[in-house]
Amino acid sequence: MFQKVLALRSRGRGTLDITAEVARVVAASGVRAGLCNVFLQHTSASLILCENADPDVRVDLEMLLRRLAPDGDPAYVHDTEGPDDMAAHARSVLTSNSLGIPVSDGRLMLGTWQGLYLYEHRTAAHERSVVVTVVGAAG
């Protein structure tokens, strides 16, 4: 088993491509065949496996989440950190905080059009910690 924590800085609401960083951890692990688990240690951001060719897909996802979990909804009880607080938690629950990706030949087995993204749901930039754990058979 090999594990590394990635310290990432979001730019505020939106997606950050973390595919290359996770792939580097997999390569450094020495695991040739196994599983890579990517876990986000936060409740107001998430991880998504998404199309990486057309950024309009992520624009449309943001539009959908804006409809499902609008900022400042007066029905929210939890608003401790501002109008985007509860919306960010709801978005996180609707997406995911953990992804599992198979590893083969020492590489992530992503499809041609797949990328791994940190999805920041708060409007301001934040420091985020992503735990990457690689398990399997070494070389």
# chains A, B, ... in the order shown; residues from 1 in each chain; ligands from 1

call {"tool": "residues_around", "arguments": {"residues": "range 81-84 of chain A", "least_positions_apart": "5", "cutoff": "9 Å", "atoms": "only C-alpha atoms", "output": "tab-separated table (two decimals) with N, CA and C atoms, in the first residue's frame"}}
result
chain	number	residue	atom	x	y	z
A	70	PRO	N	-29.29	26.18	-4.54
A	70	PRO	CA	-28.98	27.60	-4.75
A	70	PRO	C	-28.37	28.24	-3.49
A	71	ASP	N	-27.47	29.16	-3.71
A	71	ASP	CA	-26.92	29.93	-2.60
A	71	ASP	C	-28.01	30.77	-1.96
A	72	GLY	N	-27.93	30.91	-0.63
A	72	GLY	CA	-28.80	31.83	0.09
A	72	GLY	C	-30.27	31.49	0.12
A	73	ASP	N	-30.62	30.23	-0.13
A	73	ASP	CA	-32.04	29.85	-0.08
A	73	ASP	C	-32.57	30.17	1.31
A	89	HIS	N	-22.57	22.38	1.14
A	89	HIS	CA	-22.74	21.06	1.76
A	89	HIS	C	-23.70	20.19	0.95
A	121	HIS	N	-17.15	23.89	-4.01
A	121	HIS	CA	-18.52	24.38	-3.96
A	121	HIS	C	-18.66	25.71	-3.23
A	122	ARG	N	-17.61	26.15	-2.56
A	122	ARG	CA	-17.64	27.47	-1.91
A	122	ARG	C	-17.24	28.51	-2.94
A	123	THR	N	-17.71	29.74	-2.77
A	123	THR	CA	-17.40	30.78	-3.75
A	123	THR	C	-15.97	31.31	-3.61

call {"tool": "residues_around", "arguments": {"residues": "range 42-49 of chain A", "least_positions_apart": "3", "cutoff": "12 Å", "atoms": "only C-alpha atoms", "output": "count of residues only"}}
result
59

call {"tool": "closest_residue", "arguments": {"among": "A:Val135, A:Leu40, A:Cys50, A:Leu65", "to": "Val25 in chain A", "atoms": "only C-alpha atoms"}}
result
A:Val135

call {"tool": "closest_residue", "arguments": {"among": "A:Ala137, A:Ala27, A:Val132, A:Thr112", "to": "Glu51 in chain A", "atoms": "only C-alpha atoms"}}
result
A:Thr112

call {"tool": "select_by_dssp", "arguments": {"residues": "range 12-110 of chain A", "states": "strand (DSSP E)", "output": "PyMOL selection string"}}
result
chain A and resi 14-17+31-40+45-51+98-104+107-108

call {"tool": "write_last_selection", "arguments": {"atoms": "C-alpha atoms", "output": "compact mmCIF listing (two decimals), in the first residue's frame"}}
result
# COMPACT_ATOMS: atom_id res chain seq x y z
CA GLY A 14 -15.65 25.42 -10.00
CA THR A 15 -13.52 22.47 -10.99
CA LEU A 16 -9.79 21.85 -10.75
CA ASP A 17 -8.29 19.05 -12.84
CA VAL A 31 1.79 -0.64 -7.94
CA ARG A 32 1.35 -2.26 -11.34
CA ALA A 33 -2.18 -3.66 -10.87
CA GLY A 34 -4.65 -2.67 -8.19
CA LEU A 35 -6.87 0.14 -7.07
CA CYS A 36 -6.41 3.84 -6.46
CA ASN A 37 -8.76 5.44 -3.94
CA VAL A 38 -9.02 9.23 -3.97
CA PHE A 39 -10.66 10.73 -0.86
CA LEU A 40 -11.44 14.38 -0.14
CA ALA A 45 -16.19 20.40 -1.91
CA SER A 46 -16.25 17.10 -3.77
CA LEU A 47 -14.57 14.85 -6.30
CA ILE A 48 -16.02 14.06 -9.70
CA LEU A 49 -15.05 11.78 -12.55
CA CYS A 50 -16.08 13.79 -15.58
CA GLU A 51 -15.59 14.39 -19.28
CA SER A 98 -14.37 9.46 -2.76
CA LEU A 99 -13.52 7.80 -6.07
CA GLY A 100 -12.05 4.39 -6.84
CA ILE A 101 -10.11 3.94 -10.08
CA PRO A 102 -8.52 0.67 -11.23
CA VAL A 103 -4.77 0.62 -11.85
CA SER A 104 -3.22 -1.44 -14.65
CA ARG A 107 -1.46 3.70 -14.68
CA LEU A 108 -4.96 4.85 -13.89

call {"tool": "select_by_dssp", "arguments": {"residues": "range 6-129 of chain A", "states": "alpha helix (DSSP H)", "output": "mmCIF file with N, CA and C atoms, in the first residue's frame"}}
result
data_model
loop_
_atom_site.group_PDB
_atom_site.id
_atom_site.type_symbol
_atom_site.label_atom_id
_atom_site.label_comp_id
_atom_site.auth_asym_id
_atom_site.auth_seq_id
_atom_site.Cartn_x
_atom_site.Cartn_y
_atom_site.Cartn_z
ATOM 1 N N THR A 19 -6.158 15.148 -12.317
ATOM 2 C CA THR A 19 -5.793 13.875 -12.936
ATOM 3 C C THR A 19 -4.287 13.653 -12.921
ATOM 4 N N ALA A 20 -3.513 14.622 -13.337
ATOM 5 C CA ALA A 20 -2.055 14.459 -13.424
ATOM 6 C C ALA A 20 -1.435 14.240 -12.047
ATOM 7 N N GLU A 21 -1.914 14.980 -11.024
ATOM 8 C CA GLU A 21 -1.365 14.816 -9.675
ATOM 9 C C GLU A 21 -1.628 13.415 -9.145
ATOM 10 N N VAL A 22 -2.852 12.906 -9.356
ATOM 11 C CA VAL A 22 -3.187 11.559 -8.892
ATOM 12 C C VAL A 22 -2.389 10.522 -9.680
ATOM 13 N N ALA A 23 -2.241 10.719 -10.977
ATOM 14 C CA ALA A 23 -1.452 9.794 -11.804
ATOM 15 C C ALA A 23 -0.003 9.729 -11.338
ATOM 16 N N ARG A 24 0.555 10.862 -10.912
ATOM 17 C CA ARG A 24 1.934 10.866 -10.394
ATOM 18 C C ARG A 24 2.054 10.046 -9.114
ATOM 19 N N VAL A 25 1.046 10.111 -8.261
ATOM 20 C CA VAL A 25 1.064 9.305 -7.035
ATOM 21 C C VAL A 25 1.018 7.818 -7.389
ATOM 22 N N VAL A 26 0.165 7.458 -8.338
ATOM 23 C CA VAL A 26 0.077 6.059 -8.775
ATOM 24 C C VAL A 26 1.422 5.593 -9.313
ATOM 25 N N ALA A 27 2.057 6.382 -10.144
ATOM 26 C CA ALA A 27 3.362 6.020 -10.712
ATOM 27 C C ALA A 27 4.410 5.861 -9.609
ATOM 28 N N ALA A 28 4.394 6.756 -8.631
ATOM 29 C CA ALA A 28 5.369 6.695 -7.535
ATOM 30 C C ALA A 28 5.131 5.507 -6.612
ATOM 31 N N SER A 29 3.917 4.984 -6.594
ATOM 32 C CA SER A 29 3.572 3.885 -5.684
ATOM 33 C C SER A 29 4.265 2.576 -6.047
ATOM 34 N N ASP A 56 -17.505 22.599 -21.463
ATOM 35 C CA ASP A 56 -18.919 22.957 -21.358
ATOM 36 C C ASP A 56 -19.688 21.956 -20.505
ATOM 37 N N VAL A 57 -19.208 20.709 -20.428
ATOM 38 C CA VAL A 57 -19.861 19.710 -19.580
ATOM 39 C C VAL A 57 -19.831 20.186 -18.131
ATOM 40 N N ARG A 58 -18.689 20.695 -17.678
ATOM 41 C CA ARG A 58 -18.574 21.165 -16.297
ATOM 42 C C ARG A 58 -19.342 22.464 -16.091
ATOM 43 N N VAL A 59 -19.440 23.279 -17.111
ATOM 44 C CA VAL A 59 -20.271 24.493 -17.033
ATOM 45 C C VAL A 59 -21.727 24.091 -16.821
ATOM 46 N N ASP A 60 -22.194 23.099 -17.570
ATOM 47 C CA ASP A 60 -23.574 22.634 -17.443
ATOM 48 C C ASP A 60 -23.821 21.959 -16.095
ATOM 49 N N LEU A 61 -22.834 21.239 -15.573
ATOM 50 C CA LEU A 61 -22.979 20.637 -14.241
ATOM 51 C C LEU A 61 -23.155 21.730 -13.185
ATOM 52 N N GLU A 62 -22.392 22.797 -13.324
ATOM 53 C CA GLU A 62 -22.531 23.916 -12.384
ATOM 54 C C GLU A 62 -23.928 24.517 -12.475
ATOM 55 N N MET A 63 -24.468 24.648 -13.668
ATOM 56 C CA MET A 63 -25.820 25.171 -13.849
ATOM 57 C C MET A 63 -26.838 24.261 -13.146
ATOM 58 N N LEU A 64 -26.679 22.955 -13.299
ATOM 59 C CA LEU A 64 -27.599 22.010 -12.656
ATOM 60 C C LEU A 64 -27.510 22.100 -11.128
ATOM 61 N N LEU A 65 -26.293 22.152 -10.599
ATOM 62 C CA LEU A 65 -26.145 22.233 -9.148
ATOM 63 C C LEU A 65 -26.644 23.578 -8.614
ATOM 64 N N ARG A 66 -26.499 24.623 -9.400
ATOM 65 C CA ARG A 66 -27.020 25.934 -8.996
ATOM 66 C C ARG A 66 -28.545 25.862 -8.848
ATOM 67 N N ARG A 67 -29.192 25.094 -9.717
ATOM 68 C CA ARG A 67 -30.650 24.917 -9.628
ATOM 69 C C ARG A 67 -31.038 24.058 -8.429
ATOM 70 N N LEU A 68 -30.274 22.981 -8.205
ATOM 71 C CA LEU A 68 -30.601 22.038 -7.130
ATOM 72 C C LEU A 68 -30.254 22.567 -5.740
ATOM 73 N N ASP A 85 -22.807 28.565 2.230
ATOM 74 C CA ASP A 85 -22.419 27.506 3.158
ATOM 75 C C ASP A 85 -23.273 26.243 2.985
ATOM 76 N N MET A 86 -24.566 26.326 3.202
ATOM 77 C CA MET A 86 -25.415 25.133 3.091
ATOM 78 C C MET A 86 -25.477 24.627 1.659
ATOM 79 N N ALA A 87 -25.482 25.534 0.697
ATOM 80 C CA ALA A 87 -25.487 25.107 -0.705
ATOM 81 C C ALA A 87 -24.257 24.251 -1.001
ATOM 82 N N ALA A 88 -23.101 24.636 -0.445
ATOM 83 C CA ALA A 88 -21.873 23.864 -0.661
ATOM 84 C C ALA A 88 -21.984 22.475 -0.052
ATOM 85 N N HIS A 89 -22.565 22.378 1.142
ATOM 86 C CA HIS A 89 -22.741 21.059 1.764
ATOM 87 C C HIS A 89 -23.698 20.187 0.946
ATOM 88 N N ALA A 90 -24.781 20.777 0.462
ATOM 89 C CA ALA A 90 -25.743 20.021 -0.346
ATOM 90 C C ALA A 90 -25.097 19.527 -1.640
ATOM 91 N N ARG A 91 -24.322 20.385 -2.291
ATOM 92 C CA ARG A 91 -23.631 19.999 -3.530
ATOM 93 C C ARG A 91 -22.666 18.843 -3.279
ATOM 94 N N SER A 92 -22.002 18.892 -2.134
ATOM 95 C CA SER A 92 -21.055 17.835 -1.779
ATOM 96 C C SER A 92 -21.767 16.491 -1.621
ATOM 97 N N VAL A 93 -22.931 16.513 -0.984
ATOM 98 C CA VAL A 93 -23.705 15.292 -0.787
ATOM 99 C C VAL A 93 -24.240 14.761 -2.125
ATOM 100 N N LEU A 94 -24.579 15.656 -3.028
ATOM 101 C CA LEU A 94 -25.112 15.251 -4.332
ATOM 102 C C LEU A 94 -24.035 14.676 -5.258
#

call {"tool": "atom_distance", "arguments": {"atom1": "CA of Gly136 in chain A", "atom2": "CA of Met1 in chain A"}}
result
6.9 Å

call {"tool": "atom_distance", "arguments": {"atom1": "CA of Met109 in chain A", "atom2": "CA of Gly30 in chain A"}}
result
15.2 Å
